[in-house]
Amino acid sequence: QVQLVESGGGLVQPGGSLRLSCAASESMFTFYNMGWYRQAPGKQRELVARISSGDIIKYGDSVKGRFTISRDSAKNTVYLQMNSLKPGDTAVYYCNAEARFIQYWGQGTQVTVSL
């Protein structure tokens, strides 16, 4: 069973930065895509960013220019650098890994942007 372990969430003021990490229990080249989704209270889960095994990157419209996804293949880890954070970025952030016929999810990490 694949495990995805997230870290790096927390409370930050508007305009601040956080970096999330997601460590996979097996080689990330097992997956077509790895990335991050988020879900705010009362809203649907939405794509934040993902990176494919071929290094194709996709961002959600609301985070373009502020967030950056990257990966370290040697550590089987995907990162999400979040800059210029806004209160609207407050949500639970979930790591996702997509393999053939199946998706894996982390347990989620809370990001709160507030004064």
# chains A, B, ... in the order shown; residues from 1 in each chain; ligands from 1
call {"tool": "closest_atom_pairs", "arguments": {"of": "region 85-109 of chain A", "to": "region 20-31 of chain A", "cutoff": "8 Å", "atoms": "only C-alpha atoms", "output": "tab-separated table"}}
result
residue	atom	partner	partner_atom	distance
A:Cys95	CA	A:Cys22	CA	6.3
A:Ala97	CA	A:Phe31	CA	6.2
A:Glu98	CA	A:Phe31	CA	5.4
A:Ala99	CA	A:Phe31	CA	4.5
A:Arg100	CA	A:Phe31	CA	7.6
call {"tool": "residues_around", "arguments": {"residues": "region 36-40 of chain A", "least_positions_apart": "5", "cutoff": "7 Å", "atoms": "only C-alpha atoms", "output": "count of residues only"}}
result
13
call {"tool": "atom_distance", "arguments": {"atom1": "CA of Asn76 (chain A)", "atom2": "CA of Gly8 (chain A)"}}
result
16.2 Å
call {"tool": "residues_around", "arguments": {"residues": "Gly16 (chain A)", "least_positions_apart": "3", "cutoff": "10 Å", "atoms": "only C-alpha atoms", "output": "list in words"}}
result
Leu11, Val12, Gln13, Met82, Asn83, Ser84, Leu85, Lys86, Val113 and Ser114 of chain A
call {"tool": "write_last_selection", "arguments": {"atoms": "C-alpha atoms", "output": "compact mmCIF listing (two decimals), in the first residue's frame"}}
result
# COMPACT_ATOMS: atom_id res chain seq x y z
CA LEU A 11 -0.65 29.30 10.42
CA VAL A 12 0.79 32.19 8.43
CA GLN A 13 -0.08 35.85 7.98
CA MET A 82 3.54 28.84 -1.49
CA ASN A 83 4.29 32.57 -1.59
CA SER A 84 2.11 35.67 -1.26
CA LEU A 85 -0.45 33.67 0.66
CA LYS A 86 -3.98 35.02 0.94
CA VAL A 113 -3.77 32.29 6.36
CA SER A 114 -4.90 34.86 8.90
call {"tool": "closest_residue", "arguments": {"among": "A:Ser17, A:Ser70, A:Thr77, A:Gln103", "to": "Val2 (chain A)", "atoms": "only C-alpha atoms"}}
result
A:Gln103
call {"tool": "closest_residue", "arguments": {"among": "A:Tyr104, A:Tyr59, A:Thr109, A:Leu115", "to": "Gln3 (chain A)", "atoms": "only C-alpha atoms"}}
result
A:Tyr104
call {"tool": "select_by_dssp", "arguments": {"residues": "region 12-103 of chain A", "states": "strand (DSSP E or B)", "output": "PyMOL selection string"}}
result
chain A and resi 12+18-24+33-39+46-52+57-59+67-72+77-82+91-99+102-103
call {"tool": "residues_around", "arguments": {"residues": "Gln81 (chain A)", "least_positions_apart": "4", "cutoff": "7 Å", "atoms": "only C-alpha atoms", "output": "mmCIF file with all heavy atoms, in the first residue's frame"}}
result
data_model
loop_
_atom_site.group_PDB
_atom_site.id
_atom_site.type_symbol
_atom_site.label_atom_id
_atom_site.label_comp_id
_atom_site.auth_asym_id
_atom_site.auth_seq_id
_atom_site.Cartn_x
_atom_site.Cartn_y
_atom_site.Cartn_z
ATOM 1 N N LEU A 18 4.851 29.473 2.913
ATOM 2 C CA LEU A 18 4.985 28.150 3.523
ATOM 3 C C LEU A 18 5.471 27.189 2.452
ATOM 4 O O LEU A 18 5.217 27.407 1.256
ATOM 5 C CB LEU A 18 3.641 27.638 4.055
ATOM 6 C CG LEU A 18 3.099 28.173 5.376
ATOM 7 C CD1 LEU A 18 1.694 27.616 5.611
ATOM 8 C CD2 LEU A 18 4.015 27.827 6.526
ATOM 9 N N ARG A 19 6.130 26.126 2.890
ATOM 10 C CA ARG A 19 6.490 25.059 1.964
ATOM 11 C C ARG A 19 5.953 23.740 2.496
ATOM 12 O O ARG A 19 6.244 23.347 3.622
ATOM 13 C CB ARG A 19 8.006 24.956 1.777
ATOM 14 C CG ARG A 19 8.378 23.991 0.662
ATOM 15 C CD ARG A 19 9.837 23.944 0.369
ATOM 16 N NE ARG A 19 10.560 23.065 1.284
ATOM 17 C CZ ARG A 19 11.682 22.432 0.981
ATOM 18 N NH1 ARG A 19 12.230 22.596 -0.223
ATOM 19 N NH2 ARG A 19 12.283 21.674 1.864
ATOM 20 N N LEU A 20 5.176 23.079 1.652
ATOM 21 C CA LEU A 20 4.648 21.760 1.976
ATOM 22 C C LEU A 20 5.526 20.689 1.348
ATOM 23 O O LEU A 20 6.068 20.881 0.246
ATOM 24 C CB LEU A 20 3.215 21.603 1.455
ATOM 25 C CG LEU A 20 2.199 22.651 1.905
ATOM 26 C CD1 LEU A 20 0.805 22.291 1.338
ATOM 27 C CD2 LEU A 20 2.150 22.768 3.396
ATOM 28 N N PHE A 67 2.496 30.019 -6.420
ATOM 29 C CA PHE A 67 2.901 28.708 -5.928
ATOM 30 C C PHE A 67 3.821 28.038 -6.946
ATOM 31 O O PHE A 67 3.661 28.231 -8.155
ATOM 32 C CB PHE A 67 1.689 27.807 -5.706
ATOM 33 C CG PHE A 67 0.789 28.211 -4.565
ATOM 34 C CD1 PHE A 67 0.909 29.431 -3.928
ATOM 35 C CD2 PHE A 67 -0.215 27.352 -4.150
ATOM 36 C CE1 PHE A 67 0.075 29.797 -2.888
ATOM 37 C CE2 PHE A 67 -1.061 27.691 -3.110
ATOM 38 C CZ PHE A 67 -0.917 28.921 -2.482
ATOM 39 N N THR A 68 4.739 27.211 -6.426
ATOM 40 C CA THR A 68 5.648 26.468 -7.291
ATOM 41 C C THR A 68 5.746 25.031 -6.802
ATOM 42 O O THR A 68 6.024 24.794 -5.623
ATOM 43 C CB THR A 68 7.050 27.096 -7.288
ATOM 44 O OG1 THR A 68 6.966 28.461 -7.709
ATOM 45 C CG2 THR A 68 7.974 26.341 -8.240
ATOM 46 N N ILE A 69 5.531 24.105 -7.715
ATOM 47 C CA ILE A 69 5.668 22.689 -7.386
ATOM 48 C C ILE A 69 7.019 22.202 -7.902
ATOM 49 O O ILE A 69 7.466 22.618 -8.977
ATOM 50 C CB ILE A 69 4.511 21.852 -7.974
ATOM 51 C CG1 ILE A 69 4.538 20.430 -7.432
ATOM 52 C CG2 ILE A 69 4.508 21.874 -9.496
ATOM 53 C CD1 ILE A 69 3.284 19.617 -7.755
#
call {"tool": "atom_distance", "arguments": {"atom1": "CA of Ile102 (chain A)", "atom2": "CA of Gly60 (chain A)"}}
result
21.8 Å
call {"tool": "closest_residue", "arguments": {"among": "A:Pro87, A:Gly15, A:Pro41, A:Gly54", "to": "Arg66 (chain A)", "atoms": "only C-alpha atoms"}}
result
A:Gly15
call {"tool": "select_by_dssp", "arguments": {"residues": "chain A", "states": "helix (DSSP H, G or I)", "output": "PyMOL selection string"}}
result
chain A and resi 28-30+61-63+73-75+87-89
call {"tool": "decode", "arguments": {"residues": "region 85-101 of chain A", "atoms": "all heavy atoms", "output": "CSV table (one decimal), in the first residue's frame"}}
result
chain,number,residue,atom,x,y,z
A,85,LEU,N,0.8,34.4,0.2
A,85,LEU,CA,-0.5,33.7,0.7
A,85,LEU,C,-1.6,34.7,1.0
A,85,LEU,O,-1.3,35.7,1.5
A,85,LEU,CB,-0.1,32.8,1.8
A,85,LEU,CG,0.6,31.5,1.5
A,85,LEU,CD1,1.3,30.8,2.6
A,85,LEU,CD2,-0.4,30.5,0.8
A,86,LYS,N,-2.8,34.2,0.7
A,86,LYS,CA,-4.0,35.0,0.9
A,86,LYS,C,-4.9,34.3,1.8
A,86,LYS,O,-4.9,33.0,1.9
A,86,LYS,CB,-4.7,35.3,-0.4
A,86,LYS,CG,-3.8,35.9,-1.5
A,86,LYS,CD,-4.6,36.0,-2.8
A,86,LYS,CE,-3.7,36.6,-3.9
A,86,LYS,NZ,-4.5,36.6,-5.2
A,87,PRO,N,-5.8,35.0,2.5
A,87,PRO,CA,-6.8,34.2,3.3
A,87,PRO,C,-7.6,33.2,2.5
A,87,PRO,O,-8.0,32.2,3.1
A,87,PRO,CB,-7.7,35.4,3.8
A,87,PRO,CG,-6.8,36.6,3.9
A,87,PRO,CD,-5.9,36.4,2.7
A,88,GLY,N,-7.8,33.5,1.3
A,88,GLY,CA,-8.5,32.5,0.4
A,88,GLY,C,-7.8,31.2,0.2
A,88,GLY,O,-8.4,30.3,-0.4
A,89,ASP,N,-6.5,31.2,0.5
A,89,ASP,CA,-5.7,29.9,0.4
A,89,ASP,C,-5.9,29.0,1.6
A,89,ASP,O,-5.4,27.9,1.6
A,89,ASP,CB,-4.2,30.3,0.3
A,89,ASP,CG,-3.9,31.0,-1.0
A,89,ASP,OD1,-4.4,30.7,-2.1
A,89,ASP,OD2,-3.1,32.0,-0.9
A,90,THR,N,-6.7,29.5,2.6
A,90,THR,CA,-6.9,28.6,3.8
A,90,THR,C,-7.7,27.4,3.4
A,90,THR,O,-8.8,27.5,2.8
A,90,THR,CB,-7.7,29.4,4.8
A,90,THR,OG1,-6.9,30.5,5.3
A,90,THR,CG2,-8.1,28.5,6.0
A,91,ALA,N,-7.2,26.2,3.7
A,91,ALA,CA,-7.8,24.9,3.3
A,91,ALA,C,-6.9,23.8,3.9
A,91,ALA,O,-5.8,24.0,4.4
A,91,ALA,CB,-7.8,24.8,1.8
A,92,VAL,N,-7.5,22.6,3.8
A,92,VAL,CA,-6.7,21.4,4.0
A,92,VAL,C,-6.1,21.0,2.7
A,92,VAL,O,-6.8,20.9,1.7
A,92,VAL,CB,-7.5,20.2,4.6
A,92,VAL,CG1,-6.7,19.0,4.8
A,92,VAL,CG2,-8.2,20.6,5.9
A,93,TYR,N,-4.7,20.9,2.7
A,93,TYR,CA,-4.0,20.5,1.5
A,93,TYR,C,-3.7,19.0,1.5
A,93,TYR,O,-3.1,18.5,2.5
A,93,TYR,CB,-2.7,21.4,1.4
A,93,TYR,CG,-3.0,22.8,1.0
A,93,TYR,CD1,-3.7,23.7,1.8
A,93,TYR,CD2,-2.6,23.3,-0.2
A,93,TYR,CE1,-4.0,25.0,1.5
A,93,TYR,CE2,-2.9,24.6,-0.6
A,93,TYR,CZ,-3.6,25.4,0.2
A,93,TYR,OH,-3.8,26.7,-0.2
A,94,TYR,N,-4.0,18.4,0.4
A,94,TYR,CA,-3.8,16.9,0.3
A,94,TYR,C,-2.8,16.6,-0.8
A,94,TYR,O,-2.9,17.1,-1.9
A,94,TYR,CB,-5.1,16.2,-0.1
A,94,TYR,CG,-6.2,16.4,1.0
A,94,TYR,CD1,-7.1,17.4,0.9
A,94,TYR,CD2,-6.3,15.4,2.0
A,94,TYR,CE1,-8.1,17.5,1.9
A,94,TYR,CE2,-7.3,15.5,3.0
A,94,TYR,CZ,-8.2,16.5,2.9
A,94,TYR,OH,-9.2,16.6,3.9
A,95,CYS,N,-1.9,15.7,-0.5
A,95,CYS,CA,-1.0,15.2,-1.5
A,95,CYS,C,-1.7,14.1,-2.3
A,95,CYS,O,-2.5,13.3,-1.7
A,95,CYS,CB,0.3,14.7,-0.8
A,95,CYS,SG,1.5,14.0,-2.0
A,96,ASN,N,-1.4,14.1,-3.6
A,96,ASN,CA,-2.1,13.1,-4.4
A,96,ASN,C,-1.0,12.4,-5.3
A,96,ASN,O,-0.1,13.1,-5.8
A,96,ASN,CB,-3.1,13.8,-5.3
A,96,ASN,CG,-3.7,12.9,-6.4
A,96,ASN,OD1,-3.2,12.9,-7.5
A,96,ASN,ND2,-4.7,12.2,-6.1
A,97,ALA,N,-1.2,11.1,-5.5
A,97,ALA,CA,-0.4,10.4,-6.5
A,97,ALA,C,-1.3,9.5,-7.4
A,97,ALA,O,-2.2,8.8,-6.8
A,97,ALA,CB,0.6,9.5,-5.8
A,98,GLU,N,-1.1,9.7,-8.7
A,98,GLU,CA,-2.0,9.0,-9.6
A,98,GLU,C,-1.2,7.9,-10.4
A,98,GLU,O,-0.3,8.2,-11.0
A,98,GLU,CB,-2.6,10.0,-10.6
A,98,GLU,CG,-3.5,9.4,-11.6
A,98,GLU,CD,-3.9,10.5,-12.7
A,98,GLU,OE1,-3.6,11.7,-12.5
A,98,GLU,OE2,-4.6,10.1,-13.6
A,99,ALA,N,-1.7,6.7,-10.2
A,99,ALA,CA,-1.1,5.6,-10.9
A,99,ALA,C,-2.2,5.0,-11.8
A,99,ALA,O,-3.3,5.5,-11.9
A,99,ALA,CB,-0.6,4.5,-9.9
A,100,ARG,N,-1.8,4.0,-12.5
A,100,ARG,CA,-2.8,3.4,-13.5
A,100,ARG,C,-4.0,2.8,-12.7
A,100,ARG,O,-3.8,1.9,-11.8
A,100,ARG,CB,-2.1,2.3,-14.3
A,100,ARG,CG,-3.0,1.7,-15.4
A,100,ARG,CD,-2.2,0.7,-16.2
A,100,ARG,NE,-3.0,0.3,-17.4
A,100,ARG,CZ,-2.6,-0.7,-18.2
A,100,ARG,NH1,-1.5,-1.3,-18.0
A,100,ARG,NH2,-3.4,-1.0,-19.2
A,101,PHE,N,-5.1,3.3,-12.9
A,101,PHE,CA,-6.4,2.8,-12.3
A,101,PHE,C,-6.6,3.1,-10.9
A,101,PHE,O,-7.6,2.7,-10.3
A,101,PHE,CB,-6.5,1.3,-12.5
A,101,PHE,CG,-6.4,0.8,-13.9
A,101,PHE,CD1,-5.6,-0.3,-14.2
A,101,PHE,CD2,-7.1,1.4,-14.9
A,101,PHE,CE1,-5.5,-0.8,-15.5
A,101,PHE,CE2,-7.0,0.9,-16.2
A,101,PHE,CZ,-6.2,-0.1,-16.5
